[in-house]
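What follows is a set of notes on a single structure, which appears directly below.
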Amino acid sequence: MAHLRSRRRLALAVPVVLSLTASLGFLPAAASAAPRTVAAEQTADAPALAYVVNTEVDRRTIASVKRAIAAAGGKVVVTYDRIGVIVVHSANPGFGEEIRAARGVRSAGATRTAPLTAAGTTDEGAADFMSAAEAARTEAASARTPGSEPLEADQWDLRAIGADQAAKINDGSRKVTVAVIDTGVDDTHPDLAPNFSAAQSANCVGGKADTSEGAWRPYTDEDYHGTHVAGEIAAARNGVGVAGVAPGVKVAGIKVSDPDNGLFYPENVVCAFVFAADHGVEITNNSYYVDPWLYNCMDDPDQKAIVDAVNRAQLYAQKKGTLHLASAGNSNHDLASDAIVDDSSPDDSTPVTRTIDPHECFDVPTQLPGIVTVSATGVQNLKSYYSTYGKGVVDVAAPGGDRRYQLPDTPSKDGRILSTMPNGEYAFLQGTSMASPHAAGVAALLKSEHPRATPAQLQALLKAQADNPGCPESYDQDGDGAQDATCEGGSRVNGFYGFGIVDALRAVE
């Protein structure tokens, strides 16, 4: 799974047994973005490339653009009328250039650099599953704390943000749903089944929502990322396995990863944001970046169209009352710097090395306006060695794990995050992929306490309850005498932690 940040490259697992200006987001004022699909517009055979075409939102303009799409050799897959985004397949190599010249088109571009085949994430490293012997040892330790879940002794992350104590006061409302936009969620897991919302779950691969039974589940056991994330947010306190940060809220799964390469293409993410908004989801977690570009540069017509389409969708969801949280990434990049070397894009064909300005080339969705960007910390409340950061970009921090330099005094002595995996298993992973769901869980607790809070108000509350340790005097993690990253800012706001590390106990007190 190439893309769960590095952010896909952001999460390390051990099994047990993306600020833009508002002008980038054209947000219509209409109340619904439900897609209109026409059978005659759908294609049975896979064309060469997929595109997003972004238009004005009046029906006459959309109808005109659709005629232009057909004339240029494109076939409409789905139209999101209310946000003016049309997903198109075309084998015409000149389609992008032709459609950008059409009247009413605001931006348009290919969503991938390789041909379609018969859709990443931000975890750092492979999963480490818990063996039966390890589980037994952890269960024995957990039993010494009354009211603990069987594997909770290994969940240093819950204690780090007071989530274990918060659950005794308010474990979250059943009226709050967090949607995990990811690789799918195994809702049959005994720790997830009690809180899973099938009615708010779907498979958005290809750009159209499939809500048939089980469509939201992972393709294979290797597509475990979304299941792990879901457990961190809302694993039930039911005497089984682990606990989530907000074990009383509901969790949904919206699958956006391509079945062949695991990538998270823009049209899939557009579908996910719109689906979440139209199905009453209060919070989304986004532990990935939109493929195929780690950074999308506004001077490139294809990349600009990707930014535009995804931004329209996420802003539409915000307008409908949905707060989005996203992982900062696992590249140890400073998103407030003037230059970053990206040698990983495009990740669906042959990457090229380029130097980008993160003020003009954006990590999507984490750098989109209104989205809460989350960096990762370890058990010592220090920035995790891999976590991307940046003053004015990172909003809050949360436990994401650190297996190298921050090891806890737990039965496993593992600095990563223990959570749910497909088939009823458990594993350790690390990454900003794991940090974002911890913050999403705290946001869910805040929404439970303040049910009328808007996304902007909820974000302000999330920042207000955070605890900022301030910039460390030194960040020489490997001891070689050189600083591994530079933290800028003060004790109130800085590049490592934003406004601070989230605090579940403060959120409910």
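Labels used: A, B, ... for chains in the order of the structure tokens, numbers from 1 for residues in each chain, and numbers from 1 for ligands as shown.
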Closest atom pairs, stretch 187-267 of chain A residues within 9 Å of stretch 272-277 of chain A, only C-alpha atoms, as CSV:
residue,atom,partner,partner_atom,distance
A:Gln200,CA,A:Ala276,CA,7.1
A:Ser201,CA,A:Ala276,CA,8.3
A:Ala202,CA,A:Phe275,CA,8.1
A:Asn203,CA,A:Ala272,CA,8.3
A:Cys204,CA,A:Ala272,CA,6.0
A:Val205,CA,A:Ala272,CA,8.9
A:Gly207,CA,A:Ala272,CA,8.2
A:Lys208,CA,A:Ala272,CA,8.8
A:Ala209,CA,A:Phe275,CA,7.2
A:Ile254,CA,A:Ala272,CA,6.3
A:Lys255,CA,A:Ala272,CA,7.9
A:Val256,CA,A:Ala272,CA,7.2
A:Glu267,CA,A:Ala272,CA,8.7
What would the file look like if the residues just selected were written as an mmCIF file, in the first residue's frame with N, CA and C atoms?
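Once written, again-v7.cif looks like this:
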data_model
loop_
_atom_site.group_PDB
_atom_site.id
_atom_site.type_symbol
_atom_site.label_atom_id
_atom_site.label_comp_id
_atom_site.auth_asym_id
_atom_site.auth_seq_id
_atom_site.Cartn_x
_atom_site.Cartn_y
_atom_site.Cartn_z
ATOM 1 N N GLN A 200 -24.288 4.634 6.841
ATOM 2 C CA GLN A 200 -23.429 5.764 6.486
ATOM 3 C C GLN A 200 -22.110 5.295 5.873
ATOM 4 N N SER A 201 -22.101 4.082 5.332
ATOM 5 C CA SER A 201 -20.897 3.487 4.758
ATOM 6 C C SER A 201 -21.099 3.178 3.286
ATOM 7 N N ALA A 202 -19.982 3.152 2.534
ATOM 8 C CA ALA A 202 -20.070 2.926 1.090
ATOM 9 C C ALA A 202 -18.699 2.593 0.522
ATOM 10 N N ASN A 203 -18.707 2.182 -0.729
ATOM 11 C CA ASN A 203 -17.494 2.030 -1.530
ATOM 12 C C ASN A 203 -17.546 3.111 -2.605
ATOM 13 N N CYS A 204 -16.604 4.054 -2.576
ATOM 14 C CA CYS A 204 -16.604 5.170 -3.527
ATOM 15 C C CYS A 204 -15.577 5.011 -4.644
ATOM 16 N N VAL A 205 -15.001 3.851 -4.794
ATOM 17 C CA VAL A 205 -14.003 3.637 -5.838
ATOM 18 C C VAL A 205 -14.637 3.815 -7.211
ATOM 19 N N GLY A 207 -15.598 6.783 -8.197
ATOM 20 C CA GLY A 207 -16.276 8.071 -8.136
ATOM 21 C C GLY A 207 -17.756 8.014 -7.862
ATOM 22 N N LYS A 208 -18.359 6.810 -7.808
ATOM 23 C CA LYS A 208 -19.777 6.651 -7.514
ATOM 24 C C LYS A 208 -19.930 5.770 -6.284
ATOM 25 N N ALA A 209 -20.843 6.143 -5.393
ATOM 26 C CA ALA A 209 -21.025 5.413 -4.146
ATOM 27 C C ALA A 209 -21.807 4.112 -4.358
ATOM 28 N N ILE A 254 -15.908 4.461 4.515
ATOM 29 C CA ILE A 254 -16.081 4.845 3.114
ATOM 30 C C ILE A 254 -14.802 4.455 2.385
ATOM 31 N N LYS A 255 -14.883 3.412 1.594
ATOM 32 C CA LYS A 255 -13.696 2.860 0.935
ATOM 33 C C LYS A 255 -13.357 3.653 -0.315
ATOM 34 N N VAL A 256 -12.095 4.068 -0.429
ATOM 35 C CA VAL A 256 -11.662 4.858 -1.586
ATOM 36 C C VAL A 256 -10.398 4.304 -2.237
ATOM 37 N N GLU A 267 -11.199 11.245 -7.761
ATOM 38 C CA GLU A 267 -12.628 11.057 -7.949
ATOM 39 C C GLU A 267 -13.241 10.229 -6.811
#
All alpha helix (DSSP H) positions in stretch 326-473 of chain A, as a PyMOL selection string: chain A and resi 432-449+455-464
Residues from last step as file, N, CA, C and O atoms, as a CSV table (one decimal), in the first residue's frame:
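That gives us again.csv:
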chain,number,residue,atom,x,y,z
A,432,THR,N,1.4,9.2,11.1
A,432,THR,CA,0.4,10.2,11.3
A,432,THR,C,-1.0,9.7,10.9
A,432,THR,O,-2.0,10.2,11.3
A,433,SER,N,-1.0,8.5,10.2
A,433,SER,CA,-2.3,7.8,10.0
A,433,SER,C,-2.9,7.5,11.3
A,433,SER,O,-4.1,7.3,11.4
A,434,MET,N,-2.1,7.2,12.3
A,434,MET,CA,-2.6,6.8,13.6
A,434,MET,C,-2.9,8.1,14.5
A,434,MET,O,-3.8,8.0,15.4
A,435,ALA,N,-2.2,9.2,14.2
A,435,ALA,CA,-2.4,10.4,15.0
A,435,ALA,C,-3.8,11.0,14.7
A,435,ALA,O,-4.5,11.4,15.6
A,436,SER,N,-4.1,11.1,13.4
A,436,SER,CA,-5.3,11.8,13.0
A,436,SER,C,-6.6,11.1,13.6
A,436,SER,O,-7.4,11.9,14.1
A,437,PRO,N,-6.7,9.8,13.6
A,437,PRO,CA,-7.9,9.2,14.3
A,437,PRO,C,-8.0,9.5,15.8
A,437,PRO,O,-9.1,9.5,16.3
A,438,HIS,N,-6.8,9.6,16.5
A,438,HIS,CA,-6.9,10.0,17.9
A,438,HIS,C,-7.5,11.4,18.0
A,438,HIS,O,-8.4,11.6,18.9
A,439,ALA,N,-7.1,12.3,17.2
A,439,ALA,CA,-7.7,13.7,17.2
A,439,ALA,C,-9.2,13.6,16.8
A,439,ALA,O,-10.0,14.4,17.3
A,440,ALA,N,-9.5,12.8,15.8
A,440,ALA,CA,-10.9,12.6,15.4
A,440,ALA,C,-11.7,12.1,16.5
A,440,ALA,O,-12.9,12.5,16.6
A,441,GLY,N,-11.2,11.2,17.3
A,441,GLY,CA,-11.9,10.7,18.4
A,441,GLY,C,-12.2,11.8,19.5
A,441,GLY,O,-13.3,11.8,20.0
A,442,VAL,N,-11.2,12.6,19.7
A,442,VAL,CA,-11.4,13.7,20.6
A,442,VAL,C,-12.5,14.7,20.1
A,442,VAL,O,-13.3,15.2,20.8
A,443,ALA,N,-12.4,15.0,18.8
A,443,ALA,CA,-13.4,15.8,18.1
A,443,ALA,C,-14.8,15.2,18.3
A,443,ALA,O,-15.7,16.0,18.5
A,444,ALA,N,-14.9,13.9,18.2
A,444,ALA,CA,-16.2,13.3,18.4
A,444,ALA,C,-16.7,13.5,19.8
A,444,ALA,O,-17.9,13.6,20.0
A,445,LEU,N,-15.8,13.4,20.8
A,445,LEU,CA,-16.2,13.7,22.1
A,445,LEU,C,-16.7,15.1,22.3
A,445,LEU,O,-17.7,15.4,23.0
A,446,LEU,N,-16.0,16.0,21.7
A,446,LEU,CA,-16.4,17.4,21.7
A,446,LEU,C,-17.7,17.6,21.1
A,446,LEU,O,-18.6,18.4,21.6
A,447,LYS,N,-17.9,17.0,19.9
A,447,LYS,CA,-19.2,17.1,19.3
A,447,LYS,C,-20.3,16.5,20.1
A,447,LYS,O,-21.5,17.0,20.1
A,448,SER,N,-20.0,15.4,20.9
A,448,SER,CA,-21.0,14.9,21.8
A,448,SER,C,-21.4,15.8,22.9
A,448,SER,O,-22.5,15.9,23.3
A,449,GLU,N,-20.4,16.6,23.4
A,449,GLU,CA,-20.6,17.6,24.4
A,449,GLU,C,-21.3,18.8,23.9
A,449,GLU,O,-22.1,19.5,24.6
A,455,PRO,N,-18.5,23.0,12.2
A,455,PRO,CA,-17.1,22.5,12.0
A,455,PRO,C,-16.1,23.6,12.5
A,455,PRO,O,-15.1,23.2,13.1
A,456,ALA,N,-16.3,24.8,12.2
A,456,ALA,CA,-15.3,25.9,12.6
A,456,ALA,C,-15.3,26.0,14.1
A,456,ALA,O,-14.2,26.1,14.7
A,457,GLN,N,-16.4,25.9,14.8
A,457,GLN,CA,-16.5,26.0,16.2
A,457,GLN,C,-15.9,24.7,16.8
A,457,GLN,O,-15.1,24.8,17.9
A,458,LEU,N,-16.1,23.6,16.2
A,458,LEU,CA,-15.5,22.3,16.7
A,458,LEU,C,-14.0,22.4,16.6
A,458,LEU,O,-13.3,21.9,17.5
A,459,GLN,N,-13.5,22.9,15.5
A,459,GLN,CA,-12.1,23.0,15.4
A,459,GLN,C,-11.5,23.9,16.4
A,459,GLN,O,-10.4,23.6,17.0
A,460,ALA,N,-12.2,25.0,16.7
A,460,ALA,CA,-11.7,26.0,17.8
A,460,ALA,C,-11.7,25.3,19.1
A,460,ALA,O,-10.7,25.5,19.9
A,461,LEU,N,-12.7,24.5,19.4
A,461,LEU,CA,-12.7,23.8,20.7
A,461,LEU,C,-11.6,22.7,20.8
A,461,LEU,O,-11.0,22.6,21.8
A,462,LEU,N,-11.3,22.1,19.7
A,462,LEU,CA,-10.3,21.1,19.6
A,462,LEU,C,-8.9,21.7,19.9
A,462,LEU,O,-8.1,21.2,20.7
A,463,LYS,N,-8.7,22.9,19.4
A,463,LYS,CA,-7.4,23.6,19.6
A,463,LYS,C,-7.4,24.1,21.1
A,463,LYS,O,-6.3,24.1,21.7
A,464,ALA,N,-8.5,24.6,21.6
A,464,ALA,CA,-8.6,25.2,22.9
A,464,ALA,C,-8.2,24.2,24.0
A,464,ALA,O,-7.6,24.5,25.0
List as a VMD selection string the protein and nucleic acid residues near stretch 91-96 of chain A, meaning an atom at most 10 Å away when only C-alpha atoms are counted, but skip any in the same chain fewer than 2 places from it. chain A and resid 46 to 53 69 71 to 75 89 98 to 101 107 to 110 115 to 116 301 to 302
Write down as JSON, numbers by chain the residues of stretch 231-456 of chain A whose backbone DSSP state falls under strand (DSSP E or B). {"A": [250, 251, 252, 253, 254, 255, 283, 284, 285, 286, 296, 297, 323, 324, 325, 326, 327, 334, 340, 341, 342, 343, 344, 345, 352, 353, 354, 355, 356, 361, 362, 372, 373, 374, 375, 376, 377, 383, 389, 396, 397, 398, 399, 417, 418, 419, 420, 421, 425, 426, 427, 428, 429]}
For atom CA of A:Ala313 and atom CA of A:His359, the interatomic separation in Å (one decimal): 21.1 Å
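The space between atom CA of A:Leu382 and atom CA of A:Pro472 spans 7.9 Å.
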Need the shell around stretch 165-180 of chain A: protein/DNA/RNA residues with any atom at most 7 Å away, counting only C-alpha atoms. Skip same-chain ones fewer than 6 positions apart. Format as number ranges by chain? A: 226, 230, 246-254, 281-286, 444-445, 448, 504-505, 508
Writing out the chosen residues with C-alpha atoms as a PDB file, in the first residue's frame:
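Result file out10.pdb:
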ATOM      1  CA  GLY A 226      -8.952   1.526   7.596  1.00  0.00           C
ATOM      2  CA  ALA A 230     -11.596   2.758  12.937  1.00  0.00           C
ATOM      3  CA  ALA A 246     -14.551   7.693  21.748  1.00  0.00           C
ATOM      4  CA  PRO A 247     -15.978   4.201  22.353  1.00  0.00           C
ATOM      5  CA  GLY A 248     -19.579   5.431  22.489  1.00  0.00           C
ATOM      6  CA  VAL A 249     -19.808   7.093  19.072  1.00  0.00           C
ATOM      7  CA  LYS A 250     -20.600   5.456  15.772  1.00  0.00           C
ATOM      8  CA  VAL A 251     -18.030   4.757  13.073  1.00  0.00           C
ATOM      9  CA  ALA A 252     -18.599   4.336   9.327  1.00  0.00           C
ATOM     10  CA  GLY A 253     -16.356   3.161   6.509  1.00  0.00           C
ATOM     11  CA  ILE A 254     -16.081   4.845   3.114  1.00  0.00           C
ATOM     12  CA  VAL A 281     -21.641  12.288   9.063  1.00  0.00           C
ATOM     13  CA  GLU A 282     -20.322  14.755  11.643  1.00  0.00           C
ATOM     14  CA  ILE A 283     -16.594  14.020  11.303  1.00  0.00           C
ATOM     15  CA  THR A 284     -14.342  12.401   8.702  1.00  0.00           C
ATOM     16  CA  ASN A 285     -10.868  10.987   9.237  1.00  0.00           C
ATOM     17  CA  ASN A 286      -8.429  11.183   6.332  1.00  0.00           C
ATOM     18  CA  ALA A 444     -16.178  13.269  18.359  1.00  0.00           C
ATOM     19  CA  LEU A 445     -16.212  13.660  22.149  1.00  0.00           C
ATOM     20  CA  SER A 448     -20.997  14.851  21.774  1.00  0.00           C
ATOM     21  CA  ALA A 504      -9.760  13.727  25.665  1.00  0.00           C
ATOM     22  CA  LEU A 505     -10.279  14.311  29.384  1.00  0.00           C
ATOM     23  CA  VAL A 508     -15.422  16.108  28.358  1.00  0.00           C
TER      24      VAL A 508
END
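Restricting the calculation to only C-alpha atoms, the smallest distance between A:Ile417 and any of A:Leu151, A:Ala305, A:Ala136, A:Cys487 is found for A:Leu151.
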Compare A:Glu509, A:Asp182, A:Glu97, A:Glu360 by their minimum atom-to-atom distance to A:Tyr289, counting only C-alpha atoms, and give me the closest one. A:Asp182
Tell me, in Å to one decimal, how far atom CA of A:Ala141 is from atom CA of A:Lys413. 12.5 Å
Name the residues in contact with A:Asp191 at a cut-off of 12 Å, using only C-alpha atoms, excluding same-chain residues fewer than 6 positions from it; report them as a ChimeraX atom specification. /A:149-151,185,227-228,230-244,247-248,250-251,419-426
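Neighbouring residues of A:Gly206 at 9 Å or closer, counting only C-alpha atoms and skipping chain neighbours under 4 positions away, are Ala50, Val77, Val87, Ala119, Val256, Asp258, Tyr265, Glu267, Asn268 and Cys271 of chain A.
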